[in-house]
>>> print(open('data06.cif').read())   # mmCIF, C-alpha atoms
data_model
#
loop_
_atom_site.group_PDB
_atom_site.id
_atom_site.type_symbol
_atom_site.label_atom_id
_atom_site.label_comp_id
_atom_site.auth_asym_id
_atom_site.auth_seq_id
_atom_site.Cartn_x
_atom_site.Cartn_y
_atom_site.Cartn_z
ATOM 1 C CA MET U 932 0.000 0.000 0.000
ATOM 2 C CA LYS U 933 2.930 2.358 0.725
ATOM 3 C CA THR U 934 3.789 2.839 -2.915
ATOM 4 C CA PRO U 935 6.522 5.279 -4.012
ATOM 5 C CA PRO U 936 4.043 7.737 -5.670
ATOM 6 C CA LEU U 937 1.940 7.827 -2.483
ATOM 7 C CA ILE U 938 5.039 8.434 -0.350
ATOM 8 C CA ALA U 939 6.137 11.185 -2.769
ATOM 9 C CA LEU U 940 2.717 12.833 -2.517
ATOM 10 C CA CYS U 941 2.841 12.652 1.303
ATOM 11 C CA GLY U 942 6.326 14.188 1.245
ATOM 12 C CA TRP U 943 5.117 17.059 -0.919
ATOM 13 C CA LEU U 944 1.961 17.704 1.123
ATOM 14 C CA VAL U 945 3.806 17.799 4.454
ATOM 15 C CA PRO U 946 7.628 17.874 4.251
ATOM 16 C CA GLY U 947 9.144 14.813 5.931
ATOM 17 C CA SER U 948 5.836 12.947 6.225
ATOM 18 C CA GLY U 949 6.944 10.388 3.628
ATOM 19 C CA TYR U 950 9.514 9.102 6.121
ATOM 20 C CA VAL U 951 6.956 9.129 8.961
ATOM 21 C CA VAL U 952 4.565 6.975 6.883
ATOM 22 C CA LEU U 953 7.444 4.542 6.264
ATOM 23 C CA GLY U 954 8.128 4.333 10.003
ATOM 24 C CA HIS U 955 11.231 6.561 10.075
ATOM 25 C CA THR U 956 9.656 9.013 12.530
ATOM 26 C CA ALA U 957 12.834 10.678 13.817
ATOM 27 C CA ARG U 958 14.169 11.155 10.291
ATOM 28 C CA GLY U 959 10.840 12.531 9.065
ATOM 29 C CA LEU U 960 10.466 14.968 11.943
ATOM 30 C CA THR U 961 14.061 16.209 11.608
ATOM 31 C CA VAL U 962 13.779 16.725 7.851
ATOM 32 C CA GLY U 963 10.246 18.152 7.950
ATOM 33 C CA ILE U 964 10.801 20.616 10.780
ATOM 34 C CA THR U 965 14.089 21.823 9.262
ATOM 35 C CA ILE U 966 12.500 22.398 5.835
ATOM 36 C CA ILE U 967 9.459 24.206 7.224
ATOM 37 C CA VAL U 968 11.594 26.367 9.542
ATOM 38 C CA LEU U 969 13.856 27.264 6.608
ATOM 39 C CA PHE U 970 10.865 28.237 4.454
ATOM 40 C CA VAL U 971 9.280 30.322 7.236
ATOM 41 C CA LEU U 972 12.630 32.039 7.918
ATOM 42 C CA GLY U 973 12.743 32.986 4.228
ATOM 43 C CA LEU U 974 9.286 34.548 4.528
ATOM 44 C CA LEU U 975 10.315 36.388 7.712
ATOM 45 C CA ILE U 976 13.421 37.792 6.010
ATOM 46 C CA GLY U 977 11.958 38.831 2.671
ATOM 47 C CA GLY U 978 8.219 38.954 3.387
ATOM 48 C CA VAL U 979 5.542 36.722 1.907
ATOM 49 C CA ARG U 980 6.065 38.239 -1.531
ATOM 50 C CA VAL U 981 9.387 36.466 -2.037
ATOM 51 C CA VAL U 982 7.143 33.638 -3.260
ATOM 52 C CA ASP U 983 6.277 35.375 -6.472
ATOM 53 C CA PRO U 984 4.363 33.283 -9.011
ATOM 54 C CA PRO U 985 5.012 34.222 -12.631
ATOM 55 C CA PRO U 986 2.039 35.440 -14.697
ATOM 56 C CA ASN U 987 0.197 32.764 -16.690
ATOM 57 C CA PHE U 988 1.651 30.067 -14.472
ATOM 58 C CA LEU U 989 -1.331 27.766 -14.910
ATOM 59 C CA ALA U 990 -1.752 28.451 -18.639
ATOM 60 C CA ASP U 991 1.887 27.882 -19.617
ATOM 61 C CA PRO U 992 3.778 26.311 -16.686
ATOM 62 C CA VAL U 993 6.915 25.423 -18.690
ATOM 63 C CA ARG U 994 7.530 28.966 -19.910
ATOM 64 C CA ALA U 995 6.632 30.315 -16.462
ATOM 65 C CA ALA U 996 9.169 27.978 -14.823
ATOM 66 C CA ILE U 997 11.836 29.094 -17.325
ATOM 67 C CA ASN U 998 11.056 32.752 -16.606
ATOM 68 C CA LYS U 999 11.057 32.320 -12.832
ATOM 69 C CA PRO U 1000 12.883 29.094 -11.920
ATOM 70 C CA TRP U 1001 12.992 30.124 -8.249
ATOM 71 C CA PHE U 1002 9.229 29.741 -8.058
ATOM 72 C CA ALA U 1003 9.448 26.165 -9.356
ATOM 73 C CA ALA U 1004 11.888 25.365 -6.529
ATOM 74 C CA GLN U 1005 9.716 27.149 -3.944
ATOM 75 C CA LEU U 1006 6.663 25.188 -5.094
ATOM 76 C CA LEU U 1007 8.424 21.931 -4.167
ATOM 77 C CA THR U 1008 8.018 22.852 -0.479
ATOM 78 C CA GLY U 1009 4.335 21.937 -0.822
ATOM 79 C CA PRO U 1010 0.998 23.623 -0.110
ATOM 80 C CA ILE U 1011 2.714 26.108 2.230
ATOM 81 C CA ALA U 1012 4.296 27.681 -0.883
ATOM 82 C CA VAL U 1013 0.936 27.770 -2.672
ATOM 83 C CA VAL U 1014 -0.622 29.527 0.330
ATOM 84 C CA ALA U 1015 2.279 32.028 0.461
ATOM 85 C CA ALA U 1016 1.951 32.690 -3.285
ATOM 86 C CA ALA U 1017 -1.806 33.269 -2.953
ATOM 87 C CA ALA U 1018 -1.333 35.543 0.070
ATOM 88 C CA GLY U 1019 1.363 37.521 -1.723
ATOM 89 C CA ARG U 1020 -1.160 38.688 -4.320
ATOM 90 C CA ASN U 1021 -2.648 40.928 -1.638
ATOM 91 C CA GLU U 1022 -1.299 44.466 -2.079
ATOM 92 C CA ALA U 1023 -1.009 44.853 1.713
ATOM 93 C CA PHE U 1024 2.132 42.714 1.641
ATOM 94 C CA VAL U 1025 5.224 44.772 0.877
ATOM 95 C CA ALA U 1026 7.612 43.482 -1.790
ATOM 96 C CA SER U 1027 11.269 43.258 -0.825
ATOM 97 C CA HIS U 1028 14.164 44.288 -3.025
ATOM 98 C CA ALA U 1029 17.889 43.786 -3.440
ATOM 99 C CA ARG U 1030 19.776 41.574 -0.988
ATOM 100 C CA VAL U 1031 16.865 41.025 1.419
ATOM 101 C CA ASN U 1032 14.780 39.695 -1.463
ATOM 102 C CA GLU U 1033 17.668 37.553 -2.701
ATOM 103 C CA ILE U 1034 18.227 35.941 0.702
ATOM 104 C CA GLY U 1035 14.494 35.384 1.307
ATOM 105 C CA THR U 1036 14.143 33.803 -2.128
ATOM 106 C CA LEU U 1037 17.243 31.686 -1.530
ATOM 107 C CA TYR U 1038 15.906 30.365 1.797
ATOM 108 C CA THR U 1039 12.507 29.428 0.361
ATOM 109 C CA ALA U 1040 13.940 27.900 -2.819
ATOM 110 C CA ILE U 1041 16.555 25.876 -0.919
ATOM 111 C CA ALA U 1042 13.740 24.608 1.344
ATOM 112 C CA GLY U 1043 11.952 23.353 -1.787
ATOM 113 C CA ALA U 1044 15.116 21.779 -3.194
ATOM 114 C CA LEU U 1045 15.779 19.989 0.108
ATOM 115 C CA ASN U 1046 12.176 18.748 0.126
ATOM 116 C CA LEU U 1047 12.690 17.356 -3.397
ATOM 117 C CA LEU U 1048 15.733 15.510 -2.077
ATOM 118 C CA SER U 1049 13.693 14.035 0.798
ATOM 119 C CA ILE U 1050 10.798 13.137 -1.548
ATOM 120 C CA ILE U 1051 13.165 11.244 -3.871
ATOM 121 C CA ASP U 1052 14.880 9.448 -0.973
ATOM 122 C CA SER U 1053 11.660 8.459 0.828
ATOM 123 C CA SER U 1054 10.101 7.227 -2.439
ATOM 124 C CA TRP U 1055 13.213 5.197 -3.173
ATOM 125 C CA ARG U 1056 13.085 3.667 0.311
ATOM 126 C CA ALA U 1057 9.374 2.826 -0.243
ATOM 127 C CA GLY U 1058 10.231 1.115 -3.546
ATOM 128 C CA ARG U 1059 13.026 -0.860 -1.909
ATOM 129 C CA LYS U 1060 10.646 -2.024 0.863
ATOM 130 C CA GLU U 1061 8.097 -3.100 -1.749
ATOM 131 C CA THR U 1062 10.570 -5.207 -3.735
ATOM 132 C CA SER U 1063 12.347 -6.760 -0.727
ATOM 133 C CA PRO U 1064 10.945 -10.158 0.396
ATOM 134 C CA MET O 362 20.898 62.882 2.303
ATOM 135 C CA ASN O 363 22.450 60.400 4.742
ATOM 136 C CA ILE O 364 20.454 61.915 7.613
ATOM 137 C CA MET O 365 17.238 61.477 5.611
ATOM 138 C CA LEU O 366 18.112 57.839 4.892
ATOM 139 C CA LEU O 367 18.914 57.257 8.563
ATOM 140 C CA ALA O 368 15.598 58.826 9.601
ATOM 141 C CA ALA O 369 13.691 56.688 7.080
ATOM 142 C CA HIS O 370 15.533 53.603 8.323
ATOM 143 C CA LYS O 371 14.617 54.404 11.964
ATOM 144 C CA ALA O 372 10.977 55.097 11.052
ATOM 145 C CA TYR O 373 10.661 51.702 9.366
ATOM 146 C CA THR O 374 8.674 49.237 11.435
ATOM 147 C CA TYR O 375 9.224 45.590 10.693
ATOM 148 C CA VAL O 376 6.034 43.520 10.434
ATOM 149 C CA PRO O 377 6.747 39.764 10.171
ATOM 150 C CA PHE O 378 5.636 38.236 6.847
ATOM 151 C CA VAL O 379 4.144 41.548 5.689
ATOM 152 C CA LYS O 380 7.258 43.718 5.461
ATOM 153 C CA PRO O 381 10.791 42.535 4.727
ATOM 154 C CA LEU O 382 13.678 42.926 7.166
ATOM 155 C CA PRO O 383 15.025 46.506 7.223
ATOM 156 C CA LEU O 384 17.392 47.273 4.377
ATOM 157 C CA GLY O 385 20.898 48.548 4.951
ATOM 158 C CA TRP O 386 21.893 45.812 7.357
ATOM 159 C CA THR O 387 25.604 45.288 6.810
ATOM 160 C CA HIS O 388 25.890 41.836 8.363
ATOM 161 C CA TRP O 389 23.639 40.151 5.787
ATOM 162 C CA TYR O 390 26.158 37.367 5.257
ATOM 163 C CA LEU O 391 25.406 36.017 8.763
ATOM 164 C CA LEU O 392 22.022 34.953 7.382
ATOM 165 C CA LEU O 393 23.866 32.323 5.345
ATOM 166 C CA LEU O 394 24.786 30.412 8.529
ATOM 167 C CA PRO O 395 21.254 29.071 9.342
ATOM 168 C CA LEU O 396 20.902 28.167 5.658
ATOM 169 C CA CYS O 397 24.131 26.136 5.724
ATOM 170 C CA LEU O 398 23.083 24.463 8.984
ATOM 171 C CA ALA O 399 19.686 23.472 7.524
ATOM 172 C CA ILE O 400 21.332 22.055 4.392
ATOM 173 C CA ALA O 401 23.781 20.045 6.537
ATOM 174 C CA VAL O 402 21.032 18.697 8.835
ATOM 175 C CA VAL O 403 18.677 17.639 6.008
ATOM 176 C CA TYR O 404 21.468 16.142 3.890
ATOM 177 C CA LYS O 405 22.904 14.121 6.767
ATOM 178 C CA SER O 406 19.411 13.038 7.938
ATOM 179 C CA ILE O 407 18.871 11.584 4.481
ATOM 180 C CA ARG O 408 22.318 10.021 4.101
ATOM 181 C CA CYS O 409 22.986 8.544 7.559
ATOM 182 C CA GLN O 410 21.642 5.064 8.251
ATOM 183 C CA SER O 411 21.406 5.790 11.990
ATOM 184 C CA MET O 412 19.873 9.044 13.229
ATOM 185 C CA ARG O 413 22.237 8.944 16.236
ATOM 186 C CA ARG O 414 25.098 9.978 13.930
ATOM 187 C CA VAL O 415 23.215 12.936 12.417
ATOM 188 C CA PRO O 416 24.050 15.687 15.003
ATOM 189 C CA ARG O 417 27.808 15.100 14.851
ATOM 190 C CA GLU O 418 28.005 14.537 11.097
ATOM 191 C CA SER O 419 25.810 17.534 10.275
ATOM 192 C CA LEU O 420 27.968 19.729 12.510
ATOM 193 C CA VAL O 421 31.085 18.535 10.659
ATOM 194 C CA LEU O 422 29.418 19.212 7.293
ATOM 195 C CA PHE O 423 28.244 22.648 8.483
ATOM 196 C CA VAL O 424 31.780 23.626 9.523
ATOM 197 C CA PHE O 425 33.126 22.271 6.222
ATOM 198 C CA ILE O 426 30.609 24.276 4.119
ATOM 199 C CA VAL O 427 31.321 27.497 6.039
ATOM 200 C CA ALA O 428 35.106 26.975 5.821
ATOM 201 C CA VAL O 429 34.962 26.333 2.061
ATOM 202 C CA MET O 430 32.716 29.385 1.530
ATOM 203 C CA MET O 431 35.099 31.573 3.537
ATOM 204 C CA ALA O 432 38.114 30.234 1.642
ATOM 205 C CA THR O 433 36.352 30.825 -1.695
ATOM 206 C CA ALA O 434 35.346 34.354 -0.656
ATOM 207 C CA GLY O 435 38.910 35.105 0.443
ATOM 208 C CA ALA O 436 40.357 33.768 -2.806
ATOM 209 C CA LEU O 437 37.879 35.779 -4.910
ATOM 210 C CA ALA O 438 38.521 38.956 -2.876
ATOM 211 C CA THR O 439 42.265 38.519 -3.392
ATOM 212 C CA LEU O 440 41.735 38.007 -7.126
ATOM 213 C CA VAL O 441 39.531 41.106 -7.420
ATOM 214 C CA ASN O 442 42.027 43.228 -5.479
ATOM 215 C CA TYR O 443 44.852 41.950 -7.697
ATOM 216 C CA LEU O 444 42.936 42.679 -10.931
ATOM 217 C CA GLU O 445 41.939 46.175 -9.744
ATOM 218 C CA ARG O 446 45.576 47.250 -9.275
#
>>> encode(input="data06.cif", output="structure tokens")
Amino acid sequence: MKTPPLIALCGWLVPGSGYVVLGHTARGLTVGITIIVLFVLGLLIGGVRVVDPPPNFLADPVRAAINKPWFAAQLLTGPIAVVAAAAGRNEAFVASHARVNEIGTLYTAIAGALNLLSIIDSSWRAGRKETSP
Amino acid sequence: MNIMLLAAHKAYTYVPFVKPLPLGWTHWYLLLLPLCLAIAVVYKSIRCQSMRRVPRESLVLFVFIVAVMMATAGALATLVNYLER
């Protein structure tokens, strides 16, 4: 039942939860908390608008990802990035510039990249469990 | 002009998530330390078979990343200074 795609989906929905589902609770909590803290720190540094979705993202996702590759990395953190992107559309949130924006974007994008790493590893572990006798 | 900038900087109120951290902070590079620590912790949590080894190994990796970044920055600064002469 714990198939690699299901574990990958769990890992995307809640960072680190793929490991928890597989029984690696300590690993999942360590990875998940670190990724979420990193993402939230990025939002605290640069404001919510560091998660800046490109225009026409849903209509032409490939071109949008090429135009703003940081957003593709941020999106890998999971629904938290989607919520931040939706909230950032509100004009009340102030956009950051220069180095503050760069560091906030870097934090959130690295959080997504680390989550991709954990998704791949947990899915691979799930596949190995499935094939082992 | 500098007085006006200073006054604007002092008048700025930081609101978490809504407004970014105040600009003009000169020690921005210190913000790279938590980033390096998070990378080391996640990487070693994934790689290590036993979670007992993670704290020590991630600390070693963290120190290694910071040392290599500092060495690279020093080498690049030396190169820039040499080329500017």
>>> closest_atom_pairs(input="data06.cif", of="chain O", to="chain U", cutoff="10 Å", atoms="all atoms listed in the file", output="JSON lines")
{"residue": "O:Tyr375", "atom": "CA", "partner": "U:Leu975", "partner_atom": "CA", "distance": 9.7}
{"residue": "O:Val376", "atom": "CA", "partner": "U:Gly978", "partner_atom": "CA", "distance": 8.7}
{"residue": "O:Pro377", "atom": "CA", "partner": "U:Leu975", "partner_atom": "CA", "distance": 5.5}
{"residue": "O:Phe378", "atom": "CA", "partner": "U:Gly978", "partner_atom": "CA", "distance": 4.4}
{"residue": "O:Val379", "atom": "CA", "partner": "U:Phe1024", "partner_atom": "CA", "distance": 4.7}
{"residue": "O:Lys380", "atom": "CA", "partner": "U:Val1025", "partner_atom": "CA", "distance": 5.1}
{"residue": "O:Pro381", "atom": "CA", "partner": "U:Gly977", "partner_atom": "CA", "distance": 4.4}
{"residue": "O:Leu382", "atom": "CA", "partner": "U:Ile976", "partner_atom": "CA", "distance": 5.3}
{"residue": "O:Pro383", "atom": "CA", "partner": "U:Val1031", "partner_atom": "CA", "distance": 8.2}
{"residue": "O:Leu384", "atom": "CA", "partner": "U:Val1031", "partner_atom": "CA", "distance": 6.9}
{"residue": "O:Gly385", "atom": "CA", "partner": "U:Arg1030", "partner_atom": "CA", "distance": 9.2}
{"residue": "O:Trp386", "atom": "CA", "partner": "U:Val1031", "partner_atom": "CA", "distance": 9.1}
{"residue": "O:Trp389", "atom": "CA", "partner": "U:Arg1030", "partner_atom": "CA", "distance": 7.9}
{"residue": "O:Tyr390", "atom": "CA", "partner": "U:Ile1034", "partner_atom": "CA", "distance": 9.3}
{"residue": "O:Leu392", "atom": "CA", "partner": "U:Ile1034", "partner_atom": "CA", "distance": 7.7}
{"residue": "O:Leu393", "atom": "CA", "partner": "U:Ile1034", "partner_atom": "CA", "distance": 8.2}
{"residue": "O:Pro395", "atom": "CA", "partner": "U:Leu969", "partner_atom": "CA", "distance": 8.1}
{"residue": "O:Leu396", "atom": "CA", "partner": "U:Tyr1038", "partner_atom": "CA", "distance": 6.7}
{"residue": "O:Leu398", "atom": "CA", "partner": "U:Thr965", "partner_atom": "CA", "distance": 9.4}
{"residue": "O:Ala399", "atom": "CA", "partner": "U:Thr965", "partner_atom": "CA", "distance": 6.1}
{"residue": "O:Ile400", "atom": "CA", "partner": "U:Leu1045", "partner_atom": "CA", "distance": 7.3}
{"residue": "O:Val402", "atom": "CA", "partner": "U:Val962", "partner_atom": "CA", "distance": 7.6}
{"residue": "O:Val403", "atom": "CA", "partner": "U:Val962", "partner_atom": "CA", "distance": 5.3}
{"residue": "O:Tyr404", "atom": "CA", "partner": "U:Leu1045", "partner_atom": "CA", "distance": 7.8}
{"residue": "O:Lys405", "atom": "CA", "partner": "U:Val962", "partner_atom": "CA", "distance": 9.6}
{"residue": "O:Ser406", "atom": "CA", "partner": "U:Arg958", "partner_atom": "CA", "distance": 6.0}
{"residue": "O:Ile407", "atom": "CA", "partner": "U:Ser1049", "partner_atom": "CA", "distance": 6.8}
{"residue": "O:Arg408", "atom": "CA", "partner": "U:Asp1052", "partner_atom": "CA", "distance": 9.0}
{"residue": "O:Cys409", "atom": "CA", "partner": "U:Arg958", "partner_atom": "CA", "distance": 9.6}
{"residue": "O:Gln410", "atom": "CA", "partner": "U:Arg958", "partner_atom": "CA", "distance": 9.9}
{"residue": "O:Ser411", "atom": "CA", "partner": "U:Arg958", "partner_atom": "CA", "distance": 9.2}
{"residue": "O:Met412", "atom": "CA", "partner": "U:Arg958", "partner_atom": "CA", "distance": 6.8}
{"residue": "O:Arg413", "atom": "CA", "partner": "U:Ala957", "partner_atom": "CA", "distance": 9.9}
{"residue": "O:Val415", "atom": "CA", "partner": "U:Arg958", "partner_atom": "CA", "distance": 9.5}
>>> atom_distance(input="data06.cif", atom1="CA of Thr1039 in chain U", atom2="CA of Cys397 in chain O")
13.2 Å
>>> residues_near_point(input="data06.cif", point="(3.5, 5.6, -7.0)", cutoff="12 Å", atoms="all atoms listed in the file", output="list in words")
Met932, Lys933, Thr934, Pro935, Pro936, Leu937, Ile938, Ala939, Leu940, Cys941, Ile1050, Ile1051, Ser1053, Ser1054, Trp1055, Ala1057, Gly1058 and Glu1061 of chain U
>>> resolve_selection(input="data06.cif", expression="the PyMOL selection byres ((chain U and resi 1016) around 10)", output="list of chain:residue names")
U:Val979, U:Arg980, U:Val981, U:Val982, U:Asp983, U:Pro984, U:Pro985, U:Phe1002, U:Gln1005, U:Leu1006, U:Pro1010, U:Ile1011, U:Ala1012, U:Val1013, U:Val1014, U:Ala1015, U:Ala1017, U:Ala1018, U:Gly1019, U:Arg1020, U:Asn1021
>>> axis_aligned_box(input="data06.cif", around="range 374-391 of chain O", padding_each_side="8 Å", output="lines of an AutoDock Vina configuration file")
center_x = 15.2
center_y = 42.6
center_z = 7.9
size_x = 38.0
size_y = 29.2
size_z = 23.1
>>> closest_residue(input="data06.cif", among="U:Val951, U:Leu1007, U:Lys999, U:Trp943", to="Pro986 in chain U", atoms="only C-alpha atoms")
U:Lys999
>>> residues_around(input="data06.cif", residues="Phe423 in chain O", least_positions_apart="3", cutoff="6 Å", atoms="all atoms listed in the file", output="PyMOL selection string")
chain O and resi 398+401+419-420+426
>>> atom_distance(input="data06.cif", atom1="CA of Ser948 in chain U", atom2="CA of Ala995 in chain U")
28.6 Å
